[in-house]
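Q: Sending over a structure as structure tokens; questions will come in a sec.
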Amino acid sequence: MFTRVNGVLLSYRLAGRAGAPELVFINSLGTDARIWDDVIALLGGHYHILSYDKRGHGLSDSPAGAYGLDGHLDDLAGLLDHVGMTRPALCGVSVGGLIAQGFALRHPERVAALVLCAAAPRFGDAAGWAARIEAVRAGGPGAIADAVMERWFSPGFRHNRADDLAGWKNLFLRTDPAGYIATCATLRDTDLTTRIGAIAAPTLVVAGEEDRAIPLADVHALAGAIPGARFTALAGAGHIPGIEQPEALAALMTDFLTEVGHG
């Protein structure tokens with residue numbers, strides 16, 4: 001399904017049971033909503049679920065120019081209005097987790113809970129993002145695809161699930177270079193470090209012990225900075241636990257959301 005939010009065409013999906021507790025999934029850099037399919041299949045009987053391709057990714061528009069965090073937050077707010085969701089739990093991975101943090105700070109009354117996977121209030125430094133942007137500008141996603149697969153996935157996944165790895169690499173290779181670069185700017189320019197202590201929503205932070213895209217210590221520090229947040233590290237998982245360990249992630253989410261009264 002599609003809708004326009006502030007002139008940006010967004011692709012989205014609804015699943016689960018209408019009238020059930022609301023749950024929203026936000027994808028990472030270089031992916032689309034399909035990364036959540038296995039988790040959604042496990043949770044669909046208990047939640048009303050929205051997943052979408054954030055701007056610059058999948059079937060959504062890639063508007064020109066660098067994307068600030070506010071643009072992503074405007075997209076999500078408009079999409080929630082469109083589908084009639086009032087107070088969902090938000091689950092985001094990587095930059096999707098950054099968007100979820102920002103949304104909880106801007107619209108605390110609209111967030112029932114947060115699940116932040118492989119996330120931090122700040123990612124990397126300006127020099128690193130500048131180098132990545134230049135590599136993709138010069139050679140497209142293919143210029144960094146192999147390195148990205150090593151950062152995303154655990155050694156076990158890469159060695160034992162070759163066809164799955166090839167499929168997710170295809171997804172990355174087909175990412176719009178302009179949208180990718182514009183979203184790199186979101187990560188380059190956003191630092192919520194001094195603000196996340198104001199997040200009031202119940203929060204679960206999930207890390208992959210084999211994540212090579214973000215240091216485990218940074219994810220753990222995120223949990224420590226949000227009042228009352230819980231932290232779990234998944235053994236054998238990389239940067240996108242919804243792909244590598246959907247059953248484990250779904251079980252963690254079910255337990256957590258039930259405990260905080262959103263299940």
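Just remember, in the structure tokens the first chain shown is A, the second B, etc., residues are 1-based per chain, and ligands are 1-based in the order shown.
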Tell me, which residues of range 29-244 of chain A carry DSSP strand (DSSP E or B), written as a CSV table (one decimal) with N, CA, C and O atoms, in the first residue's frame?
A:
```
chain,number,residue,atom,x,y,z
A,48,HIS,N,-1.6,-5.5,16.0
A,48,HIS,CA,-1.9,-4.8,14.8
A,48,HIS,C,-0.7,-4.1,14.3
A,48,HIS,O,-0.1,-3.2,15.0
A,49,ILE,N,-0.1,-4.5,13.2
A,49,ILE,CA,1.3,-4.3,12.9
A,49,ILE,C,1.4,-3.4,11.6
A,49,ILE,O,0.8,-3.7,10.6
A,50,LEU,N,2.2,-2.4,11.7
A,50,LEU,CA,2.6,-1.5,10.6
A,50,LEU,C,4.1,-1.7,10.3
A,50,LEU,O,4.9,-1.6,11.3
A,51,SER,N,4.5,-1.9,9.1
A,51,SER,CA,5.9,-1.9,8.7
A,51,SER,C,5.9,-1.0,7.4
A,51,SER,O,4.9,-1.0,6.7
A,52,TYR,N,7.0,-0.3,7.2
A,52,TYR,CA,7.1,0.6,6.0
A,52,TYR,C,8.5,0.7,5.6
A,52,TYR,O,9.5,0.4,6.3
A,53,ASP,N,8.7,1.2,4.3
A,53,ASP,CA,10.0,1.5,3.8
A,53,ASP,C,10.2,3.0,4.0
A,53,ASP,O,9.5,3.8,3.5
A,89,ALA,N,3.7,0.6,20.1
A,89,ALA,CA,5.0,0.4,20.4
A,89,ALA,C,5.9,0.5,19.1
A,89,ALA,O,5.4,0.1,18.0
A,90,LEU,N,7.1,1.0,19.2
A,90,LEU,CA,7.9,1.2,18.1
A,90,LEU,C,9.1,0.2,18.2
A,90,LEU,O,9.8,0.2,19.2
A,91,CYS,N,9.4,-0.5,17.1
A,91,CYS,CA,10.6,-1.4,17.1
A,91,CYS,C,11.4,-0.9,15.9
A,91,CYS,O,11.0,-1.0,14.8
A,92,GLY,N,12.6,-0.5,16.2
A,92,GLY,CA,13.5,0.0,15.1
A,92,GLY,C,14.9,-0.6,15.2
A,92,GLY,O,15.4,-0.8,16.4
A,93,VAL,N,15.5,-0.9,14.1
A,93,VAL,CA,16.9,-1.4,14.1
A,93,VAL,C,17.8,-0.4,13.4
A,93,VAL,O,17.5,0.2,12.4
A,113,ALA,N,5.7,2.0,23.9
A,113,ALA,CA,7.0,1.3,24.4
A,113,ALA,C,7.9,1.4,23.2
A,113,ALA,O,7.6,1.7,22.0
A,114,LEU,N,9.2,1.1,23.5
A,114,LEU,CA,10.3,1.1,22.5
A,114,LEU,C,11.0,-0.2,22.5
A,114,LEU,O,11.3,-0.7,23.6
A,115,VAL,N,11.3,-0.8,21.4
A,115,VAL,CA,12.3,-1.9,21.2
A,115,VAL,C,13.4,-1.4,20.3
A,115,VAL,O,13.1,-1.1,19.1
A,116,LEU,N,14.6,-1.2,20.8
A,116,LEU,CA,15.7,-0.6,20.0
A,116,LEU,C,16.7,-1.7,19.8
A,116,LEU,O,17.4,-2.1,20.7
A,117,CYS,N,16.9,-2.1,18.5
A,117,CYS,CA,17.8,-3.1,18.1
A,117,CYS,C,19.0,-2.5,17.5
A,117,CYS,O,18.9,-1.7,16.6
A,203,THR,N,11.4,0.8,27.7
A,203,THR,CA,12.3,0.5,26.6
A,203,THR,C,13.1,-0.8,26.8
A,203,THR,O,13.6,-1.1,27.9
A,204,LEU,N,13.1,-1.6,25.7
A,204,LEU,CA,14.0,-2.8,25.6
A,204,LEU,C,15.0,-2.5,24.6
A,204,LEU,O,14.7,-2.1,23.4
A,205,VAL,N,16.3,-2.7,24.9
A,205,VAL,CA,17.4,-2.5,24.0
A,205,VAL,C,18.0,-3.9,23.7
A,205,VAL,O,18.3,-4.6,24.7
A,206,VAL,N,18.1,-4.2,22.5
A,206,VAL,CA,18.6,-5.5,22.0
A,206,VAL,C,19.9,-5.4,21.2
A,206,VAL,O,19.9,-4.6,20.2
A,207,ALA,N,20.9,-6.1,21.6
A,207,ALA,CA,22.2,-6.1,20.8
A,207,ALA,C,22.4,-7.5,20.3
A,207,ALA,O,22.0,-8.5,20.8
A,208,GLY,N,23.2,-7.5,19.2
A,208,GLY,CA,23.8,-8.8,18.7
A,208,GLY,C,25.2,-8.9,19.1
A,208,GLY,O,26.0,-8.0,18.8
A,230,ARG,N,15.7,-1.9,29.7
A,230,ARG,CA,16.3,-3.2,29.8
A,230,ARG,C,17.2,-3.5,28.7
A,230,ARG,O,17.0,-3.0,27.6
A,231,PHE,N,18.2,-4.4,28.9
A,231,PHE,CA,19.2,-4.7,27.9
A,231,PHE,C,19.4,-6.2,27.7
A,231,PHE,O,19.5,-6.9,28.7
A,232,THR,N,19.4,-6.6,26.5
A,232,THR,CA,19.6,-8.1,26.2
A,232,THR,C,20.6,-8.2,25.0
A,232,THR,O,20.4,-7.5,24.0
A,233,ALA,N,21.6,-9.0,25.1
A,233,ALA,CA,22.5,-9.3,24.0
A,233,ALA,C,22.2,-10.7,23.5
A,233,ALA,O,22.2,-11.7,24.3
A,234,LEU,N,22.0,-10.9,22.2
A,234,LEU,CA,21.7,-12.2,21.7
A,234,LEU,C,23.0,-12.8,21.2
A,234,LEU,O,23.7,-12.3,20.3
```
Q: Applying 12 Å and only C-alpha atoms, which residues near His72 in chain A remain after dropping the ones on its own chain fewer than 6 positions away? List them as a PDB file with N, CA, C and O atoms, in the first residue's frame.
A:
```pdb
ATOM      1  N   VAL A   5       2.956  11.488   2.354  1.00  0.00           N
ATOM      2  CA  VAL A   5       3.080  12.252   3.589  1.00  0.00           C
ATOM      3  C   VAL A   5       3.977  13.445   3.286  1.00  0.00           C
ATOM      4  O   VAL A   5       5.150  13.269   2.934  1.00  0.00           O
ATOM      5  N   ASN A   6       3.413  14.626   3.367  1.00  0.00           N
ATOM      6  CA  ASN A   6       4.169  15.842   3.048  1.00  0.00           C
ATOM      7  C   ASN A   6       4.858  15.739   1.690  1.00  0.00           C
ATOM      8  O   ASN A   6       6.010  16.155   1.516  1.00  0.00           O
ATOM      9  N   VAL A   8       5.888  13.079   0.118  1.00  0.00           N
ATOM     10  CA  VAL A   8       6.769  11.917  -0.042  1.00  0.00           C
ATOM     11  C   VAL A   8       5.922  10.653  -0.106  1.00  0.00           C
ATOM     12  O   VAL A   8       5.137  10.375   0.811  1.00  0.00           O
ATOM     13  N   LEU A  10       5.199   7.006   0.475  1.00  0.00           N
ATOM     14  CA  LEU A  10       5.687   5.967   1.377  1.00  0.00           C
ATOM     15  C   LEU A  10       4.968   4.657   1.108  1.00  0.00           C
ATOM     16  O   LEU A  10       3.748   4.620   0.948  1.00  0.00           O
ATOM     17  N   ILE A  26      10.505  -0.331  12.032  1.00  0.00           N
ATOM     18  CA  ILE A  26      11.243   0.659  11.244  1.00  0.00           C
ATOM     19  C   ILE A  26      12.562   0.030  10.804  1.00  0.00           C
ATOM     20  O   ILE A  26      13.339  -0.467  11.628  1.00  0.00           O
ATOM     21  N   ASN A  27      12.837   0.079   9.501  1.00  0.00           N
ATOM     22  CA  ASN A  27      13.979  -0.659   8.948  1.00  0.00           C
ATOM     23  C   ASN A  27      15.289   0.111   9.050  1.00  0.00           C
ATOM     24  O   ASN A  27      15.337   1.290   9.393  1.00  0.00           O
ATOM     25  N   TYR A  52       7.022  -0.338   7.199  1.00  0.00           N
ATOM     26  CA  TYR A  52       7.087   0.565   6.045  1.00  0.00           C
ATOM     27  C   TYR A  52       8.523   0.718   5.572  1.00  0.00           C
ATOM     28  O   TYR A  52       9.473   0.436   6.309  1.00  0.00           O
ATOM     29  N   ASP A  53       8.655   1.152   4.323  1.00  0.00           N
ATOM     30  CA  ASP A  53       9.963   1.485   3.770  1.00  0.00           C
ATOM     31  C   ASP A  53      10.213   2.963   4.050  1.00  0.00           C
ATOM     32  O   ASP A  53       9.496   3.829   3.531  1.00  0.00           O
ATOM     33  N   LYS A  54      11.202   3.259   4.884  1.00  0.00           N
ATOM     34  CA  LYS A  54      11.470   4.668   5.156  1.00  0.00           C
ATOM     35  C   LYS A  54      11.939   5.360   3.878  1.00  0.00           C
ATOM     36  O   LYS A  54      12.363   4.710   2.916  1.00  0.00           O
ATOM     37  N   ARG A  55      11.815   6.665   3.848  1.00  0.00           N
ATOM     38  CA  ARG A  55      12.194   7.422   2.659  1.00  0.00           C
ATOM     39  C   ARG A  55      13.597   7.032   2.181  1.00  0.00           C
ATOM     40  O   ARG A  55      14.501   6.755   2.965  1.00  0.00           O
ATOM     41  N   GLY A  56      13.752   6.984   0.854  1.00  0.00           N
ATOM     42  CA  GLY A  56      15.033   6.608   0.273  1.00  0.00           C
ATOM     43  C   GLY A  56      15.263   5.122   0.140  1.00  0.00           C
ATOM     44  O   GLY A  56      16.317   4.699  -0.334  1.00  0.00           O
ATOM     45  N   HIS A  57      14.271   4.303   0.522  1.00  0.00           N
ATOM     46  CA  HIS A  57      14.450   2.857   0.549  1.00  0.00           C
ATOM     47  C   HIS A  57      13.225   2.150  -0.019  1.00  0.00           C
ATOM     48  O   HIS A  57      12.109   2.675   0.024  1.00  0.00           O
ATOM     49  N   SER A  62      12.551   8.704  -2.947  1.00  0.00           N
ATOM     50  CA  SER A  62      13.852   9.209  -2.514  1.00  0.00           C
ATOM     51  C   SER A  62      13.907  10.700  -2.823  1.00  0.00           C
ATOM     52  O   SER A  62      14.438  11.114  -3.863  1.00  0.00           O
ATOM     53  N   PRO A  63      13.324  11.528  -1.956  1.00  0.00           N
ATOM     54  CA  PRO A  63      13.371  12.961  -2.231  1.00  0.00           C
ATOM     55  C   PRO A  63      14.803  13.467  -2.263  1.00  0.00           C
ATOM     56  O   PRO A  63      15.696  12.907  -1.620  1.00  0.00           O
ATOM     57  N   ALA A  66      19.901  15.906   1.484  1.00  0.00           N
ATOM     58  CA  ALA A  66      20.190  15.122   2.683  1.00  0.00           C
ATOM     59  C   ALA A  66      18.950  15.035   3.566  1.00  0.00           C
ATOM     60  O   ALA A  66      18.163  15.971   3.639  1.00  0.00           O
ATOM     61  N   GLY A  78       2.954  11.195  10.012  1.00  0.00           N
ATOM     62  CA  GLY A  78       1.919  11.231   8.982  1.00  0.00           C
ATOM     63  C   GLY A  78       1.402   9.856   8.629  1.00  0.00           C
ATOM     64  O   GLY A  78       0.208   9.675   8.370  1.00  0.00           O
ATOM     65  N   LEU A  79       2.296   8.872   8.624  1.00  0.00           N
ATOM     66  CA  LEU A  79       1.882   7.509   8.309  1.00  0.00           C
ATOM     67  C   LEU A  79       0.991   6.948   9.411  1.00  0.00           C
ATOM     68  O   LEU A  79      -0.028   6.286   9.134  1.00  0.00           O
ATOM     69  N   VAL A  95      19.439   2.681  12.132  1.00  0.00           N
ATOM     70  CA  VAL A  95      18.853   4.014  11.977  1.00  0.00           C
ATOM     71  C   VAL A  95      17.361   3.991  12.295  1.00  0.00           C
ATOM     72  O   VAL A  95      16.795   5.001  12.752  1.00  0.00           O
ATOM     73  N   GLY A  96      16.708   2.851  12.117  1.00  0.00           N
ATOM     74  CA  GLY A  96      15.317   2.736  12.534  1.00  0.00           C
ATOM     75  C   GLY A  96      15.164   2.916  14.033  1.00  0.00           C
ATOM     76  O   GLY A  96      14.178   3.488  14.516  1.00  0.00           O
ATOM     77  N   GLY A  97      16.155   2.458  14.795  1.00  0.00           N
ATOM     78  CA  GLY A  97      16.154   2.680  16.233  1.00  0.00           C
ATOM     79  C   GLY A  97      16.402   4.132  16.590  1.00  0.00           C
ATOM     80  O   GLY A  97      15.861   4.645  17.578  1.00  0.00           O
ATOM     81  N   LEU A  98      17.209   4.814  15.779  1.00  0.00           N
ATOM     82  CA  LEU A  98      17.428   6.243  15.981  1.00  0.00           C
ATOM     83  C   LEU A  98      16.136   7.021  15.727  1.00  0.00           C
ATOM     84  O   LEU A  98      15.785   7.938  16.481  1.00  0.00           O
ATOM     85  N   ILE A  99      15.420   6.636  14.667  1.00  0.00           N
ATOM     86  CA  ILE A  99      14.134   7.265  14.380  1.00  0.00           C
ATOM     87  C   ILE A  99      13.159   7.028  15.528  1.00  0.00           C
ATOM     88  O   ILE A  99      12.428   7.939  15.941  1.00  0.00           O
ATOM     89  N   ALA A 100      13.133   5.818  16.055  1.00  0.00           N
ATOM     90  CA  ALA A 100      12.239   5.513  17.175  1.00  0.00           C
ATOM     91  C   ALA A 100      12.575   6.359  18.393  1.00  0.00           C
ATOM     92  O   ALA A 100      11.670   6.869  19.083  1.00  0.00           O
ATOM     93  N   GLN A 101      13.864   6.522  18.689  1.00  0.00           N
ATOM     94  CA  GLN A 101      14.255   7.390  19.803  1.00  0.00           C
ATOM     95  C   GLN A 101      13.772   8.816  19.586  1.00  0.00           C
ATOM     96  O   GLN A 101      13.212   9.452  20.495  1.00  0.00           O
ATOM     97  N   GLY A 102      14.016   9.335  18.387  1.00  0.00           N
ATOM     98  CA  GLY A 102      13.605  10.697  18.086  1.00  0.00           C
ATOM     99  C   GLY A 102      12.106  10.888  18.183  1.00  0.00           C
ATOM    100  O   GLY A 102      11.629  11.920  18.675  1.00  0.00           O
ATOM    101  N   PHE A 103      11.354   9.882  17.742  1.00  0.00           N
ATOM    102  CA  PHE A 103       9.899   9.986  17.788  1.00  0.00           C
ATOM    103  C   PHE A 103       9.420   9.971  19.238  1.00  0.00           C
ATOM    104  O   PHE A 103       8.497  10.720  19.599  1.00  0.00           O
ATOM    105  N   ARG A 106      10.009  13.448  20.576  1.00  0.00           N
ATOM    106  CA  ARG A 106       9.137  14.489  20.030  1.00  0.00           C
ATOM    107  C   ARG A 106       7.671  14.260  20.380  1.00  0.00           C
ATOM    108  O   ARG A 106       6.933  15.208  20.627  1.00  0.00           O
ATOM    109  N   ALA A 182      21.528   9.933   1.177  1.00  0.00           N
ATOM    110  CA  ALA A 182      20.748  10.906   1.936  1.00  0.00           C
ATOM    111  C   ALA A 182      20.479  10.428   3.357  1.00  0.00           C
ATOM    112  O   ALA A 182      20.395  11.236   4.294  1.00  0.00           O
ATOM    113  N   THR A 183      20.339   9.098   3.544  1.00  0.00           N
ATOM    114  CA  THR A 183      20.110   8.553   4.880  1.00  0.00           C
ATOM    115  C   THR A 183      21.411   8.451   5.665  1.00  0.00           C
ATOM    116  O   THR A 183      21.400   8.565   6.902  1.00  0.00           O
ATOM    117  N   ALA A 185      23.400  10.764   5.686  1.00  0.00           N
ATOM    118  CA  ALA A 185      23.448  12.102   6.275  1.00  0.00           C
ATOM    119  C   ALA A 185      22.654  12.168   7.573  1.00  0.00           C
ATOM    120  O   ALA A 185      23.027  12.893   8.503  1.00  0.00           O
ATOM    121  N   THR A 186      21.554  11.419   7.661  1.00  0.00           N
ATOM    122  CA  THR A 186      20.799  11.354   8.923  1.00  0.00           C
ATOM    123  C   THR A 186      21.691  10.852  10.043  1.00  0.00           C
ATOM    124  O   THR A 186      21.726  11.417  11.151  1.00  0.00           O
ATOM    125  N   LEU A 187      22.415   9.798   9.765  1.00  0.00           N
ATOM    126  CA  LEU A 187      23.294   9.200  10.770  1.00  0.00           C
ATOM    127  C   LEU A 187      24.491  10.097  11.060  1.00  0.00           C
ATOM    128  O   LEU A 187      24.935  10.199  12.211  1.00  0.00           O
ATOM    129  N   THR A 190      22.998  13.344  13.245  1.00  0.00           N
ATOM    130  CA  THR A 190      22.130  13.192  14.418  1.00  0.00           C
ATOM    131  C   THR A 190      22.919  12.734  15.632  1.00  0.00           C
ATOM    132  O   THR A 190      23.646  11.744  15.572  1.00  0.00           O
TER     133      THR A 190
END
```
Q: Got a sec: who's within 12 Å of Gly128 in chain A, counting only C-alpha atoms, leaving out chain neighbours fewer than 3 positions off, as a list in words?
A: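 That gives Phe123, Gly124, Asp125, Ala131, Arg132, Ile133, Glu134, Ala135, Cys184, Ala185, Leu187, Arg188 and Asp189 of chain A.
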Q: For the interface of range 31-116 of chain A with range 17-22 of chain A (cut-off 7 Å, counting only C-alpha atoms), please tabulate each contacting residue of range 31-116 of chain A alongside its nearest pair of atoms and their separation in Å to one decimal, rows sorted by chain and increasing number, as CSV.
A:
```
residue,atom,partner,partner_atom,distance
A:Gly44,CA,A:Arg17,CA,6.9
A:Gly45,CA,A:Arg17,CA,6.4
A:His46,CA,A:Ala20,CA,6.5
A:Tyr47,CA,A:Ala20,CA,4.9
A:His48,CA,A:Glu22,CA,4.8
A:Ile49,CA,A:Glu22,CA,6.0
A:Met85,CA,A:Glu22,CA,6.9
A:Arg87,CA,A:Glu22,CA,6.9
A:Pro88,CA,A:Glu22,CA,4.4
A:Ala89,CA,A:Glu22,CA,6.3
```
Q: Just asking: which residues within range 73-158 of chain A are helix (DSSP H, G or I) according to DSSP, as a PyMOL selection string?
A: chain A and resi 73-83+95-106+108-110+126-139+141-143+145-152+155-158
Q: Show me a table, sorted first by chain and then by increasing residue number, of the residues of range 29-83 of chain A having an atom at most 9 Å from range 241-246 of chain A, each with its shortest atom pair and the distance in Å to one decimal, counting only C-alpha atoms and written as CSV.
A:
```
residue,atom,partner,partner_atom,distance
A:Ile35,CA,A:Ile243,CA,6.1
A:Trp36,CA,A:Gly242,CA,5.9
A:Asp37,CA,A:Gly242,CA,8.3
A:Asp38,CA,A:Pro246,CA,6.0
A:Val39,CA,A:Pro246,CA,5.1
A:Ile40,CA,A:Pro246,CA,8.9
A:Leu42,CA,A:Pro246,CA,8.1
```
Q: Could you tell me which of A:Ile199, A:Val219, A:Leu59, A:Ile181 comes closest to Trp129 in chain A if we count only C-alpha atoms?
A: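 When distances to Trp129 in chain A are compared using only C-alpha atoms, the smallest one comes from A:Ile181.
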Q: Please measure the separation of CA of Ala200 in chain A and CA of Pro227 in chain A, giving the value in Å to one decimal.
A: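 We find that CA of Ala200 in chain A and CA of Pro227 in chain A lie 7.3 Å from each other.
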Q: Quick one: everything within 9 Å of Asp218 in chain A, counting only C-alpha atoms, minus sequence neighbours fewer than 5 positions away in the same chain. Send it as a ChimeraX atom specification.
A: /A:118-123,223
Q: Print the selection's residues with N, CA and C atoms to a file, as a compact mmCIF listing (two decimals), in the first residue's frame.
A:
```
# COMPACT_ATOMS: atom_id res chain seq x y z
N ALA A 118 20.22 -2.92 17.98
CA ALA A 118 21.48 -2.48 17.38
C ALA A 118 21.49 -0.97 17.16
N ALA A 119 21.09 -0.24 18.19
CA ALA A 119 20.90 1.20 18.07
C ALA A 119 21.78 1.94 19.06
N ALA A 120 21.92 3.24 18.81
CA ALA A 120 22.66 4.14 19.68
C ALA A 120 22.08 5.53 19.46
N PRO A 121 22.40 6.47 20.35
CA PRO A 121 21.95 7.84 20.11
C PRO A 121 22.78 8.57 19.08
N ARG A 122 23.94 8.01 18.76
CA ARG A 122 24.82 8.56 17.74
C ARG A 122 25.58 7.41 17.10
N PHE A 123 25.77 7.49 15.79
CA PHE A 123 26.44 6.43 15.05
C PHE A 123 27.70 6.98 14.37
N ALA A 223 21.14 1.67 26.58
CA ALA A 223 20.24 1.16 27.61
C ALA A 223 20.50 1.83 28.95
```
Q: Report, in Å with one decimal, the straight-line distance from CA of Ala237 in chain A to CA of Phe153 in chain A.
A: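 Pair CA of Ala237 in chain A / CA of Phe153 in chain A returns 7.2 Å.
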Q: Between A:Ala198, A:Leu105, A:Leu23, A:Ala138, which has the minimum distance to Asp70 in chain A (counting only C-alpha atoms)?
A: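 Smallest distance to Asp70 in chain A is found for A:Leu105.
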Q: Which polymer residues have any atom within 8 Å of an atom of Met149 in chain A, counting only C-alpha atoms, with same-chain residues fewer than 4 positions away left out, as a PyMOL selection string?
A: chain A and resi 145+153+165+169
Q: I'd like the interatomic distance between CA of Leu173 in chain A and CA of Arg137 in chain A, to a tenth of an Å.
A: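 Spanning CA of Leu173 in chain A to CA of Arg137 in chain A is a straight-line distance of 13.4 Å.
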Q: For Gly30 in chain A, work out the shell of residues within 8 Å, counting only C-alpha atoms and skipping chain neighbours fewer than 6 positions away, then give it as a list of chain:residue names.
A: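 Neighbouring residues, sequence-local ones excluded: A:His57, A:Leu171, A:Phe172, A:Thr175, A:Tyr180.
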